[in-house]
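J.: Got a structure for you, written out below as structure tokens; questions coming shortly.
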Number of protein chains: 2
Amino acid sequence: MSTDLNPIIERCRAEGLRRTKALEELITTLLESDRPMTLAELAESERLTNQCDKATVFRLLQRLADKGIVRRLGLHERAAYFALLVPGQHRDYLICTSCGSIEPINAPCPVHELEKEIQFTTGYKNLYHELEFFGTCPKCIA
Amino acid sequence: MSTDLNPIIERCRAEGLRRTKALEELITTLLESDRPMTLAELAESERLTNQCDKATVFRLLQRLADKGIVRRLGLHERAAYFALLVPGQHRDYLICTSCGSIEPINAPCPVHELEKEIQFTTGYKNLYHELEFFGTCPKCIA
DNA sequence: GTAATTGCAAATACTTTGCCACGTA
DNA sequence: TACGTGGCAAAGTATTTGCAATTAC
């Protein structure tokens, strides 16, 4: 990533977070990574392992997610989700970030072209994808 | 879902699974649900709660996932993933189901149109999406 | 000085396994 | 009969919290 540390720290400050060494190192680690990371990976990463406790990293991530500065990926409940795989059928989902409701999307999935392209350019085999939309549902807005 | 139970059971049989009451009820429950479900939801669902133990549901799901009949959603490690949220920047990922490596995708994301449409038709607010491609990477194929 | 932040340890939550009994083929 | 499957209970792993001490502002 080519983004700079300071503007992000400024956003944190604007949200009322204090500028601590742990915060700086955490943001820097995420900036240097070009992919999502787990709590364990972060806590044991070079910059953080001797800097602070895993619980601190956890709480930082929690605050940052609250403020919209990081995002926790996945279907949000702590548990794993399972779905039946019906040949020739593909489902994408719409999930309310407030009440957690999940509903299937009817619209045709616009990703298949890209999927083929990725298969071609990267050499990955057996490609499939997961696509989820998140937002606040009408009930939760009211 | 409008799909029928028997063909799926037949696929299970073809994969060497035995036709048990628990298997039938589990598949039926997943068929009746139009969204992914957690282990706990399944184990406590009407059809299964007095039918079998949670461990049984777990092992069934495990076998079915092995055979490609159900899919476990998400980034596959048991842990939660976190990513920095950079305004104006969106990332999709390509993940190897064998070695677990994650890399960002450069191609422009083809989902924004659909996202707007969903926002319009469903009344959800603050929409965003997550898109991941899964497959076997070239290294793991070799 | 005050409130946010941290470390450490303990508590939860969800997942996974061992072992022996049981049911399907 | 043979081997996949099931129940129950225990172990494993990741997340989350309590509380007193510390630090940023």
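Residue names in the structure tokens use chain letters A, B, ... in the order shown, residue numbers from 1 in each chain, and ligand numbers from 1 in the order shown.
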Near chain A, which residues of chain C fall within 8 Å when you count only C-alpha atoms (C1' of nucleotides), and what do they look like as a list in words?

T.: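 Result, ordered by chain then number: DA4, DT6, DG7 and DC14 of chain C.
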
J.: Please produce a file of those selected residues containing C-alpha atoms (C1' of nucleotides), as a JSON list (two decimals), in the first residue's frame.

T.:
```json
[["chain", "number", "residue", "atom", "x", "y", "z"],
["C", 4, "DA", "C1'", -8.24, 6.61, 28.03],
["C", 6, "DT", "C1'", -2.55, -1.28, 28.94],
["C", 7, "DG", "C1'", -0.91, -5.86, 30.92],
["C", 14, "DC", "C1'", -17.02, -22.04, 19.50]]
```

J.: With a distance cut-off of 7 Å and only C-alpha atoms (C1' of nucleotides), select the neighbouring residues of Glu132 (chain B), excluding the residue or stretch itself and same-chain residues fewer than 4 positions from it, and output the selection as a ChimeraX atom specification.

T.: /A:129-131 /B:92-94

J.: What does the file look like for those residues with N, CA and C atoms, as a PDB file, in the first residue's frame?

T.:
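Now in result_1.pdb:
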```
ATOM      1  N   HIS A 129     -16.330 -18.112  -5.862  1.00  0.00           N
ATOM      2  CA  HIS A 129     -16.234 -16.863  -5.114  1.00  0.00           C
ATOM      3  C   HIS A 129     -17.346 -16.736  -4.088  1.00  0.00           C
ATOM      4  N   GLU A 130     -17.140 -15.843  -3.178  1.00  0.00           N
ATOM      5  CA  GLU A 130     -18.167 -15.472  -2.208  1.00  0.00           C
ATOM      6  C   GLU A 130     -18.321 -13.969  -2.258  1.00  0.00           C
ATOM      7  N   LEU A 131     -19.573 -13.548  -2.328  1.00  0.00           N
ATOM      8  CA  LEU A 131     -19.859 -12.119  -2.405  1.00  0.00           C
ATOM      9  C   LEU A 131     -20.951 -11.779  -1.413  1.00  0.00           C
TER      10      LEU A 131
ATOM     11  N   ASP B  92     -10.436  -6.606  -3.297  1.00  0.00           N
ATOM     12  CA  ASP B  92     -10.969  -7.956  -3.282  1.00  0.00           C
ATOM     13  C   ASP B  92      -9.789  -8.901  -3.194  1.00  0.00           C
ATOM     14  N   TYR B  93     -10.050 -10.136  -2.769  1.00  0.00           N
ATOM     15  CA  TYR B  93      -8.938 -11.036  -2.504  1.00  0.00           C
ATOM     16  C   TYR B  93      -9.070 -12.378  -3.188  1.00  0.00           C
ATOM     17  N   LEU B  94      -7.907 -12.968  -3.413  1.00  0.00           N
ATOM     18  CA  LEU B  94      -7.813 -14.293  -4.005  1.00  0.00           C
ATOM     19  C   LEU B  94      -7.129 -15.185  -2.990  1.00  0.00           C
TER      20      LEU B  94
END
```

J.: Once DSSP has gone over the backbone, tell me which residues of chain A are in alpha helix (DSSP H), as a short mmCIF file (atom, residue, chain, number, x, y, z; two decimals) with all heavy atoms, in the first residue's frame.

T.:
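Listing of selection17.cif after writing:
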```
data_model
loop_
_atom_site.label_atom_id
_atom_site.label_comp_id
_atom_site.auth_asym_id
_atom_site.auth_seq_id
_atom_site.Cartn_x
_atom_site.Cartn_y
_atom_site.Cartn_z
N LEU A 5 1.03 6.96 6.89
CA LEU A 5 0.59 6.68 8.26
C LEU A 5 -0.15 7.87 8.89
O LEU A 5 -1.21 7.70 9.48
CB LEU A 5 1.81 6.30 9.11
CG LEU A 5 1.55 6.15 10.60
CD1 LEU A 5 0.62 4.98 10.88
CD2 LEU A 5 2.87 5.97 11.34
N ASN A 6 0.43 9.04 8.75
CA ASN A 6 -0.08 10.18 9.50
C ASN A 6 -1.55 10.53 9.29
O ASN A 6 -2.26 10.77 10.27
CB ASN A 6 0.81 11.39 9.27
CG ASN A 6 2.02 11.34 10.19
OD1 ASN A 6 1.91 10.95 11.36
ND2 ASN A 6 3.18 11.67 9.65
N PRO A 7 -2.00 10.56 8.07
CA PRO A 7 -3.43 10.88 7.89
C PRO A 7 -4.34 9.92 8.63
O PRO A 7 -5.39 10.31 9.14
CB PRO A 7 -3.64 10.75 6.38
CG PRO A 7 -2.31 10.66 5.76
CD PRO A 7 -1.30 10.37 6.80
N ILE A 8 -3.91 8.67 8.69
CA ILE A 8 -4.75 7.69 9.38
C ILE A 8 -4.72 7.93 10.88
O ILE A 8 -5.76 7.91 11.54
CB ILE A 8 -4.28 6.27 9.04
CG1 ILE A 8 -4.41 6.04 7.53
CG2 ILE A 8 -5.10 5.24 9.81
CD1 ILE A 8 -3.88 4.71 7.06
N ILE A 9 -3.54 8.19 11.38
CA ILE A 9 -3.45 8.52 12.80
C ILE A 9 -4.30 9.76 13.11
O ILE A 9 -4.99 9.81 14.14
CB ILE A 9 -1.98 8.80 13.20
CG1 ILE A 9 -1.11 7.55 12.99
CG2 ILE A 9 -1.91 9.26 14.66
CD1 ILE A 9 -1.27 6.48 14.03
N GLU A 10 -4.28 10.70 12.20
CA GLU A 10 -5.10 11.90 12.41
C GLU A 10 -6.58 11.56 12.50
O GLU A 10 -7.31 12.11 13.32
CB GLU A 10 -4.86 12.92 11.29
CG GLU A 10 -3.57 13.71 11.48
CD GLU A 10 -3.37 14.18 12.92
OE1 GLU A 10 -4.31 14.76 13.51
OE2 GLU A 10 -2.28 13.94 13.48
N ARG A 11 -7.00 10.64 11.65
CA ARG A 11 -8.40 10.21 11.74
C ARG A 11 -8.69 9.59 13.09
O ARG A 11 -9.75 9.81 13.69
CB ARG A 11 -8.72 9.20 10.63
CG ARG A 11 -8.97 9.83 9.28
CD ARG A 11 -9.88 8.94 8.43
NE ARG A 11 -9.18 7.79 7.90
CZ ARG A 11 -9.74 6.60 7.67
NH1 ARG A 11 -11.01 6.40 7.96
NH2 ARG A 11 -9.03 5.62 7.17
N CYS A 12 -7.73 8.81 13.57
CA CYS A 12 -7.91 8.19 14.89
C CYS A 12 -8.03 9.27 15.96
O CYS A 12 -8.93 9.22 16.81
CB CYS A 12 -6.72 7.28 15.21
SG CYS A 12 -6.54 5.88 14.10
N ARG A 13 -7.14 10.23 15.88
CA ARG A 13 -7.17 11.33 16.85
C ARG A 13 -8.51 12.06 16.79
O ARG A 13 -9.10 12.37 17.82
CB ARG A 13 -6.03 12.33 16.55
CG ARG A 13 -4.62 11.78 16.60
CD ARG A 13 -4.14 11.49 18.01
NE ARG A 13 -4.87 12.19 19.05
CZ ARG A 13 -4.61 13.41 19.50
NH1 ARG A 13 -3.58 14.08 19.02
NH2 ARG A 13 -5.32 13.96 20.44
N ALA A 14 -8.96 12.30 15.58
CA ALA A 14 -10.23 13.00 15.41
C ALA A 14 -11.38 12.21 16.02
O ALA A 14 -12.38 12.78 16.47
CB ALA A 14 -10.50 13.25 13.93
N LYS A 21 2.10 4.33 21.12
CA LYS A 21 3.04 3.55 20.31
C LYS A 21 2.34 2.34 19.68
O LYS A 21 2.52 2.04 18.51
CB LYS A 21 4.19 3.09 21.21
CG LYS A 21 5.42 2.62 20.47
CD LYS A 21 6.18 3.79 19.88
CE LYS A 21 7.37 3.29 19.04
NZ LYS A 21 7.75 4.28 18.01
N ALA A 22 1.53 1.67 20.49
CA ALA A 22 0.85 0.48 20.00
C ALA A 22 -0.05 0.81 18.81
O ALA A 22 -0.07 0.09 17.81
CB ALA A 22 0.03 -0.16 21.11
N LEU A 23 -0.77 1.92 18.90
CA LEU A 23 -1.64 2.31 17.79
C LEU A 23 -0.83 2.56 16.53
O LEU A 23 -1.17 2.07 15.45
CB LEU A 23 -2.42 3.58 18.16
CG LEU A 23 -3.32 4.14 17.06
CD1 LEU A 23 -4.44 3.19 16.72
CD2 LEU A 23 -3.87 5.51 17.43
N GLU A 24 0.27 3.28 16.66
CA GLU A 24 1.11 3.57 15.50
C GLU A 24 1.62 2.30 14.86
O GLU A 24 1.60 2.13 13.64
CB GLU A 24 2.30 4.46 15.90
CG GLU A 24 1.90 5.89 16.20
CD GLU A 24 3.12 6.75 16.49
OE1 GLU A 24 4.24 6.19 16.55
OE2 GLU A 24 2.94 7.97 16.67
N GLU A 25 2.10 1.39 15.69
CA GLU A 25 2.69 0.17 15.14
C GLU A 25 1.61 -0.71 14.51
O GLU A 25 1.85 -1.35 13.48
CB GLU A 25 3.42 -0.61 16.25
CG GLU A 25 4.61 0.12 16.85
CD GLU A 25 5.76 0.30 15.87
OE1 GLU A 25 5.74 -0.31 14.78
OE2 GLU A 25 6.68 1.08 16.19
N LEU A 26 0.45 -0.71 15.12
CA LEU A 26 -0.63 -1.52 14.55
C LEU A 26 -1.03 -1.00 13.18
O LEU A 26 -1.12 -1.76 12.20
CB LEU A 26 -1.84 -1.52 15.50
CG LEU A 26 -3.11 -2.19 14.96
CD1 LEU A 26 -2.86 -3.64 14.58
CD2 LEU A 26 -4.24 -2.10 15.97
N ILE A 27 -1.27 0.30 13.09
CA ILE A 27 -1.66 0.89 11.81
C ILE A 27 -0.55 0.67 10.78
O ILE A 27 -0.83 0.31 9.63
CB ILE A 27 -1.94 2.40 11.97
CG1 ILE A 27 -3.04 2.65 12.99
CG2 ILE A 27 -2.29 3.01 10.61
CD1 ILE A 27 -4.43 2.48 12.48
N THR A 28 0.67 0.85 11.19
CA THR A 28 1.79 0.66 10.27
C THR A 28 1.83 -0.77 9.76
O THR A 28 2.02 -1.02 8.56
CB THR A 28 3.12 1.01 10.95
OG1 THR A 28 3.07 2.35 11.42
CG2 THR A 28 4.28 0.85 9.97
N THR A 29 1.62 -1.71 10.66
CA THR A 29 1.63 -3.12 10.25
C THR A 29 0.53 -3.40 9.24
O THR A 29 0.74 -4.06 8.23
CB THR A 29 1.44 -4.03 11.47
OG1 THR A 29 2.45 -3.72 12.43
CG2 THR A 29 1.55 -5.50 11.07
N LEU A 30 -0.65 -2.87 9.50
CA LEU A 30 -1.75 -3.07 8.56
C LEU A 30 -1.47 -2.39 7.23
O LEU A 30 -1.79 -2.92 6.16
CB LEU A 30 -3.06 -2.54 9.16
CG LEU A 30 -3.70 -3.42 10.23
CD1 LEU A 30 -4.84 -2.70 10.92
CD2 LEU A 30 -4.19 -4.72 9.63
N LEU A 31 -0.83 -1.22 7.29
CA LEU A 31 -0.49 -0.52 6.05
C LEU A 31 0.50 -1.33 5.23
O LEU A 31 0.41 -1.40 4.01
CB LEU A 31 0.12 0.84 6.37
CG LEU A 31 -0.84 2.02 6.51
CD1 LEU A 31 -0.09 3.26 6.97
CD2 LEU A 31 -1.54 2.29 5.20
N GLU A 32 1.46 -1.90 5.92
CA GLU A 32 2.50 -2.65 5.21
C GLU A 32 1.97 -3.96 4.63
O GLU A 32 2.54 -4.50 3.70
CB GLU A 32 3.68 -2.94 6.15
CG GLU A 32 4.54 -1.71 6.42
CD GLU A 32 5.54 -1.96 7.53
OE1 GLU A 32 5.45 -3.02 8.20
OE2 GLU A 32 6.42 -1.10 7.71
N LEU A 39 -5.98 -11.52 14.29
CA LEU A 39 -5.49 -10.96 15.55
C LEU A 39 -4.16 -11.58 15.93
O LEU A 39 -3.22 -10.88 16.31
CB LEU A 39 -6.54 -11.23 16.64
CG LEU A 39 -6.14 -10.87 18.06
CD1 LEU A 39 -5.81 -9.40 18.18
CD2 LEU A 39 -7.25 -11.26 19.03
N ALA A 40 -4.07 -12.89 15.80
CA ALA A 40 -2.83 -13.57 16.18
C ALA A 40 -1.66 -13.13 15.32
O ALA A 40 -0.57 -12.84 15.84
CB ALA A 40 -3.02 -15.09 16.07
N GLU A 41 -1.89 -13.04 14.02
CA GLU A 41 -0.82 -12.58 13.13
C GLU A 41 -0.34 -11.19 13.51
O GLU A 41 0.86 -10.91 13.54
CB GLU A 41 -1.32 -12.53 11.68
CG GLU A 41 -1.45 -13.87 11.00
CD GLU A 41 -2.04 -13.73 9.59
OE1 GLU A 41 -2.82 -12.77 9.36
OE2 GLU A 41 -1.73 -14.56 8.75
N LEU A 42 -1.29 -10.33 13.80
CA LEU A 42 -0.94 -8.96 14.16
C LEU A 42 -0.17 -8.92 15.46
O LEU A 42 0.89 -8.31 15.56
CB LEU A 42 -2.21 -8.11 14.25
CG LEU A 42 -2.85 -7.75 12.92
CD1 LEU A 42 -4.27 -7.28 13.11
CD2 LEU A 42 -2.02 -6.71 12.20
N ALA A 43 -0.70 -9.61 16.46
CA ALA A 43 -0.07 -9.56 17.79
C ALA A 43 1.33 -10.15 17.77
O ALA A 43 2.20 -9.73 18.52
CB ALA A 43 -0.95 -10.29 18.81
N GLU A 46 6.27 -8.66 13.77
CA GLU A 46 7.54 -8.05 14.18
C GLU A 46 7.36 -6.77 14.99
O GLU A 46 7.94 -6.60 16.04
CB GLU A 46 8.32 -7.75 12.90
CG GLU A 46 9.84 -7.83 13.06
CD GLU A 46 10.50 -7.54 11.72
OE1 GLU A 46 9.92 -7.92 10.67
OE2 GLU A 46 11.56 -6.91 11.73
N ARG A 47 6.54 -5.89 14.45
CA ARG A 47 6.40 -4.58 15.09
C ARG A 47 5.65 -4.64 16.41
O ARG A 47 5.84 -3.79 17.28
CB ARG A 47 5.60 -3.63 14.18
CG ARG A 47 6.17 -3.43 12.82
CD ARG A 47 5.45 -2.27 12.12
NE ARG A 47 6.27 -1.09 12.20
CZ ARG A 47 7.16 -0.73 11.28
NH1 ARG A 47 7.32 -1.48 10.23
NH2 ARG A 47 7.87 0.35 11.44
N LEU A 48 4.77 -5.62 16.56
CA LEU A 48 3.88 -5.59 17.73
C LEU A 48 4.25 -6.58 18.82
O LEU A 48 3.89 -6.39 19.98
CB LEU A 48 2.43 -5.85 17.28
CG LEU A 48 1.81 -4.67 16.53
CD1 LEU A 48 0.51 -5.09 15.86
CD2 LEU A 48 1.55 -3.51 17.48
N THR A 49 4.98 -7.63 18.46
CA THR A 49 5.17 -8.71 19.41
C THR A 49 5.83 -8.27 20.71
O THR A 49 5.48 -8.76 21.78
CB THR A 49 5.93 -9.90 18.77
OG1 THR A 49 5.89 -10.99 19.66
CG2 THR A 49 7.37 -9.52 18.47
N LYS A 54 -1.51 -9.09 23.43
CA LYS A 54 -2.53 -9.44 22.44
C LYS A 54 -3.88 -8.79 22.77
O LYS A 54 -4.61 -8.36 21.88
CB LYS A 54 -2.70 -10.96 22.39
CG LYS A 54 -3.65 -11.43 21.30
CD LYS A 54 -3.89 -12.93 21.36
CE LYS A 54 -2.97 -13.68 20.42
NZ LYS A 54 -3.31 -15.12 20.29
N ALA A 55 -4.19 -8.70 24.05
CA ALA A 55 -5.46 -8.08 24.45
C ALA A 55 -5.50 -6.62 24.02
O ALA A 55 -6.56 -6.10 23.65
CB ALA A 55 -5.65 -8.19 25.95
N THR A 56 -4.36 -5.98 24.04
CA THR A 56 -4.30 -4.59 23.61
C THR A 56 -4.58 -4.49 22.12
O THR A 56 -5.36 -3.63 21.68
CB THR A 56 -2.91 -4.00 23.92
OG1 THR A 56 -2.73 -4.04 25.33
CG2 THR A 56 -2.80 -2.58 23.42
N VAL A 57 -3.95 -5.36 21.35
CA VAL A 57 -4.21 -5.38 19.91
C VAL A 57 -5.69 -5.62 19.67
O VAL A 57 -6.33 -4.95 18.85
CB VAL A 57 -3.37 -6.46 19.20
CG1 VAL A 57 -3.67 -6.46 17.71
CG2 VAL A 57 -1.89 -6.24 19.45
N PHE A 58 -6.24 -6.57 20.41
CA PHE A 58 -7.66 -6.86 20.27
C PHE A 58 -8.51 -5.62 20.52
O PHE A 58 -9.40 -5.28 19.74
CB PHE A 58 -8.07 -7.97 21.24
CG PHE A 58 -9.56 -8.18 21.30
CD1 PHE A 58 -10.21 -8.87 20.30
CD2 PHE A 58 -10.29 -7.67 22.35
CE1 PHE A 58 -11.59 -9.05 20.35
CE2 PHE A 58 -11.66 -7.85 22.41
CZ PHE A 58 -12.31 -8.54 21.40
N ARG A 59 -8.21 -4.94 21.60
CA ARG A 59 -9.04 -3.78 21.94
C ARG A 59 -8.82 -2.63 20.97
O ARG A 59 -9.75 -1.89 20.65
CB ARG A 59 -8.81 -3.38 23.39
CG ARG A 59 -9.63 -4.26 24.32
CD ARG A 59 -9.44 -3.92 25.78
NE ARG A 59 -8.13 -4.35 26.25
CZ ARG A 59 -7.90 -4.76 27.50
NH1 ARG A 59 -8.86 -4.80 28.37
NH2 ARG A 59 -6.70 -5.13 27.87
N LEU A 60 -7.63 -2.49 20.49
CA LEU A 60 -7.37 -1.47 19.48
C LEU A 60 -8.20 -1.76 18.22
O LEU A 60 -8.87 -0.88 17.68
CB LEU A 60 -5.89 -1.43 19.12
CG LEU A 60 -5.01 -0.54 20.01
CD1 LEU A 60 -3.54 -0.71 19.63
CD2 LEU A 60 -5.43 0.91 19.89
N LEU A 61 -8.13 -3.00 17.78
CA LEU A 61 -8.88 -3.37 16.57
C LEU A 61 -10.37 -3.12 16.77
O LEU A 61 -11.07 -2.67 15.87
CB LEU A 61 -8.63 -4.84 16.23
CG LEU A 61 -7.25 -5.16 15.66
CD1 LEU A 61 -7.02 -6.67 15.64
CD2 LEU A 61 -7.09 -4.59 14.26
N GLN A 62 -10.82 -3.42 17.97
CA GLN A 62 -12.22 -3.22 18.29
C GLN A 62 -12.60 -1.75 18.18
O GLN A 62 -13.60 -1.39 17.55
CB GLN A 62 -12.43 -3.73 19.72
CG GLN A 62 -13.84 -3.94 20.14
CD GLN A 62 -13.89 -4.61 21.52
OE1 GLN A 62 -14.32 -5.73 21.66
NE2 GLN A 62 -13.41 -3.91 22.54
N ARG A 63 -11.78 -0.90 18.77
CA ARG A 63 -12.07 0.53 18.70
C ARG A 63 -11.99 1.02 17.27
O ARG A 63 -12.84 1.79 16.80
CB ARG A 63 -11.05 1.31 19.54
CG ARG A 63 -11.28 1.26 21.01
CD ARG A 63 -10.14 1.92 21.77
NE ARG A 63 -9.82 1.17 22.98
CZ ARG A 63 -8.61 0.99 23.45
NH1 ARG A 63 -7.55 1.48 22.83
NH2 ARG A 63 -8.44 0.29 24.55
N LEU A 64 -10.96 0.59 16.56
CA LEU A 64 -10.78 1.03 15.18
C LEU A 64 -11.93 0.57 14.30
O LEU A 64 -12.35 1.29 13.38
CB LEU A 64 -9.44 0.52 14.63
CG LEU A 64 -8.21 1.16 15.28
CD1 LEU A 64 -6.94 0.41 14.90
CD2 LEU A 64 -8.09 2.63 14.89
N ALA A 65 -12.44 -0.61 14.57
CA ALA A 65 -13.58 -1.10 13.80
C ALA A 65 -14.83 -0.28 14.12
O ALA A 65 -15.60 0.09 13.24
CB ALA A 65 -13.82 -2.58 14.08
N ASP A 66 -14.99 0.05 15.40
CA ASP A 66 -16.09 0.93 15.81
C ASP A 66 -16.07 2.25 15.06
O ASP A 66 -17.11 2.76 14.65
CB ASP A 66 -15.94 1.28 17.30
CG ASP A 66 -16.69 0.31 18.18
OD1 ASP A 66 -17.36 -0.58 17.63
OD2 ASP A 66 -16.59 0.44 19.41
N HIS A 112 -18.88 -13.43 -12.63
CA HIS A 112 -18.37 -14.61 -13.32
C HIS A 112 -17.30 -14.30 -14.36
O HIS A 112 -16.35 -15.06 -14.53
CB HIS A 112 -19.53 -15.40 -13.92
CG HIS A 112 -20.38 -16.04 -12.88
ND1 HIS A 112 -21.54 -15.47 -12.41
CD2 HIS A 112 -20.20 -17.17 -12.16
CE1 HIS A 112 -22.05 -16.24 -11.45
NE2 HIS A 112 -21.26 -17.27 -11.29
N GLU A 113 -17.48 -13.17 -15.05
CA GLU A 113 -16.47 -12.80 -16.05
C GLU A 113 -15.11 -12.63 -15.40
O GLU A 113 -14.11 -13.17 -15.85
CB GLU A 113 -16.88 -11.48 -16.74
CG GLU A 113 -18.02 -11.64 -17.73
CD GLU A 113 -17.78 -12.78 -18.71
OE1 GLU A 113 -16.67 -12.84 -19.27
OE2 GLU A 113 -18.69 -13.62 -18.88
N LEU A 114 -15.12 -11.86 -14.33
CA LEU A 114 -13.87 -11.61 -13.61
C LEU A 114 -13.28 -12.92 -13.12
O LEU A 114 -12.07 -13.14 -13.15
CB LEU A 114 -14.12 -10.66 -12.44
CG LEU A 114 -12.92 -10.34 -11.56
CD1 LEU A 114 -11.76 -9.80 -12.39
CD2 LEU A 114 -13.30 -9.33 -10.48
N GLU A 115 -14.14 -13.81 -12.70
CA GLU A 115 -13.67 -15.09 -12.19
C GLU A 115 -12.88 -15.85 -13.27
O GLU A 115 -11.81 -16.37 -13.02
CB GLU A 115 -14.85 -15.92 -11.70
CG GLU A 115 -14.43 -17.19 -10.98
CD GLU A 115 -15.61 -17.81 -10.24
OE1 GLU A 115 -16.15 -17.14 -9.34
OE2 GLU A 115 -15.98 -18.95 -10.55
N LYS A 116 -13.46 -15.87 -14.46
CA LYS A 116 -12.76 -16.54 -15.57
C LYS A 116 -11.42 -15.88 -15.85
O LYS A 116 -10.40 -16.54 -16.06
CB LYS A 116 -13.62 -16.47 -16.84
CG LYS A 116 -14.70 -17.54 -16.89
CD LYS A 116 -15.46 -17.44 -18.23
CE LYS A 116 -16.96 -17.50 -18.01
NZ LYS A 116 -17.73 -16.96 -19.14
N GLU A 117 -11.46 -14.55 -15.83
CA GLU A 117 -10.24 -13.81 -16.12
C GLU A 117 -9.15 -14.13 -15.09
O GLU A 117 -7.99 -14.33 -15.43
CB GLU A 117 -10.57 -12.31 -16.08
CG GLU A 117 -9.44 -11.42 -16.56
CD GLU A 117 -9.84 -9.95 -16.43
OE1 GLU A 117 -11.00 -9.62 -16.80
OE2 GLU A 117 -9.01 -9.16 -15.95
N ILE A 118 -9.56 -14.19 -13.83
CA ILE A 118 -8.59 -14.50 -12.78
C ILE A 118 -8.04 -15.90 -12.96
O ILE A 118 -6.83 -16.13 -12.85
CB ILE A 118 -9.25 -14.36 -11.39
CG1 ILE A 118 -9.51 -12.89 -11.09
CG2 ILE A 118 -8.37 -14.97 -10.32
CD1 ILE A 118 -10.33 -12.67 -9.84
N GLN A 119 -8.91 -16.82 -13.27
CA GLN A 119 -8.47 -18.19 -13.50
C GLN A 119 -7.39 -18.20 -14.58
O GLN A 119 -6.37 -18.89 -14.47
CB GLN A 119 -9.67 -19.04 -13.93
CG GLN A 119 -9.32 -20.50 -14.16
CD GLN A 119 -10.39 -21.41 -13.60
OE1 GLN A 119 -11.34 -21.00 -12.95
NE2 GLN A 119 -10.23 -22.70 -13.83
N PHE A 120 -7.62 -17.40 -15.62
CA PHE A 120 -6.70 -17.36 -16.76
C PHE A 120 -5.38 -16.70 -16.39
O PHE A 120 -4.30 -17.21 -16.70
CB PHE A 120 -7.37 -16.62 -17.92
CG PHE A 120 -6.52 -16.55 -19.15
CD1 PHE A 120 -6.26 -17.70 -19.90
CD2 PHE A 120 -5.98 -15.34 -19.57
CE1 PHE A 120 -5.47 -17.63 -21.04
CE2 PHE A 120 -5.19 -15.28 -20.71
CZ PHE A 120 -4.92 -16.42 -21.44
N THR A 121 -5.44 -15.58 -15.71
CA THR A 121 -4.22 -14.80 -15.48
C THR A 121 -3.39 -15.31 -14.31
O THR A 121 -2.19 -15.10 -14.28
CB THR A 121 -4.53 -13.31 -15.24
OG1 THR A 121 -5.48 -13.22 -14.17
CG2 THR A 121 -5.11 -12.66 -16.47
N THR A 122 -4.01 -15.98 -13.36
CA THR A 122 -3.24 -16.38 -12.18
C THR A 122 -2.88 -17.85 -12.16
O THR A 122 -2.01 -18.26 -11.39
CB THR A 122 -4.04 -16.11 -10.89
OG1 THR A 122 -5.19 -16.95 -10.87
CG2 THR A 122 -4.45 -14.65 -10.80
N PRO A 138 -33.70 -1.60 6.50
CA PRO A 138 -34.74 -0.60 6.76
C PRO A 138 -35.25 -0.63 8.20
O PRO A 138 -35.44 0.41 8.83
CB PRO A 138 -35.83 -0.98 5.77
CG PRO A 138 -35.10 -1.61 4.63
CD PRO A 138 -33.97 -2.35 5.26
N LYS A 139 -35.47 -1.82 8.72
CA LYS A 139 -35.97 -1.92 10.10
C LYS A 139 -35.01 -1.28 11.10
O LYS A 139 -35.42 -0.62 12.04
CB LYS A 139 -36.14 -3.39 10.49
CG LYS A 139 -37.45 -3.99 10.04
CD LYS A 139 -37.55 -5.46 10.51
CE LYS A 139 -38.60 -6.21 9.71
NZ LYS A 139 -38.42 -7.67 9.76
N CYS A 140 -33.73 -1.52 10.88
CA CYS A 140 -32.74 -1.01 11.83
C CYS A 140 -32.49 0.48 11.65
O CYS A 140 -31.97 1.14 12.54
CB CYS A 140 -31.43 -1.78 11.70
SG CYS A 140 -31.56 -3.45 12.36
N ILE A 141 -32.84 1.01 10.50
CA ILE A 141 -32.70 2.45 10.29
C ILE A 141 -33.76 3.18 11.09
O ILE A 141 -33.51 4.21 11.71
CB ILE A 141 -32.85 2.81 8.79
CG1 ILE A 141 -31.71 2.20 7.99
CG2 ILE A 141 -32.88 4.33 8.60
CD1 ILE A 141 -31.90 2.27 6.49
#
```

J.: Please return, as an MDAnalysis selection string, all residues of chain B lying within 7 Å of chain A when only C-alpha atoms are considered.

T.: chainID B and resid 30 34:39 69:74 79:85 102:104 110:111 123:138

J.: Hey, can you check how far C1' of DC8 (chain C) sits from C1' of DC25 (chain D)?

T.: 25.7 Å

J.: Do me a favour and pick out the residues of chain D within 9 Å of chain A, using only C-alpha atoms (C1' of nucleotides), as a list of chain:residue names.

T.: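 That gives D:DA14, D:DT15, D:DT16, D:DT23, D:DA24, D:DC25 for chain D.
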
J.: Would you compute the distance between C1' of DC19 (chain C) and C1' of DC3 (chain D)? Give it in Å to one decimal.

T.: 15.9 Å

J.: Compile the contact shell of DA2 (chain D) as a VMD selection string: residues with an atom at most 12 Å away, counting only C-alpha atoms (C1' of nucleotides), same-chain residues fewer than 6 positions apart removed.

T.: chain C and resid 23 to 25

J.: Could you please take those selected residues and save C-alpha atoms (C1' of nucleotides) as a tab-separated table (two decimals), in the first residue's frame?

T.:
```tsv
chain	number	residue	atom	x	y	z
C	23	DG	C1'	-26.80	-48.83	12.92
C	24	DT	C1'	-26.41	-49.31	7.91
C	25	DA	C1'	-25.13	-51.93	4.06
```

J.: Could you pull the residues within 12 Å of DA10 (chain D), counting only C-alpha atoms (C1' of nucleotides), minus those fewer than 5 positions along the same chain, as an MDAnalysis selection string?

T.: chainID C and resid 16:19

J.: Enumerate, as a ChimeraX atom specification, the complete set of residues in chain B that a backbone-based DSSP assignment places in strand (DSSP E).

T.: /B:37-38,70-72,81-84,92-96,102-105,125-136

J.: What is the C1' of DT13 (chain D)-C1' of DT12 (chain C) distance in Å, reported with one decimal?

T.: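 That distance, rounded to one decimal, is 12.2 Å.
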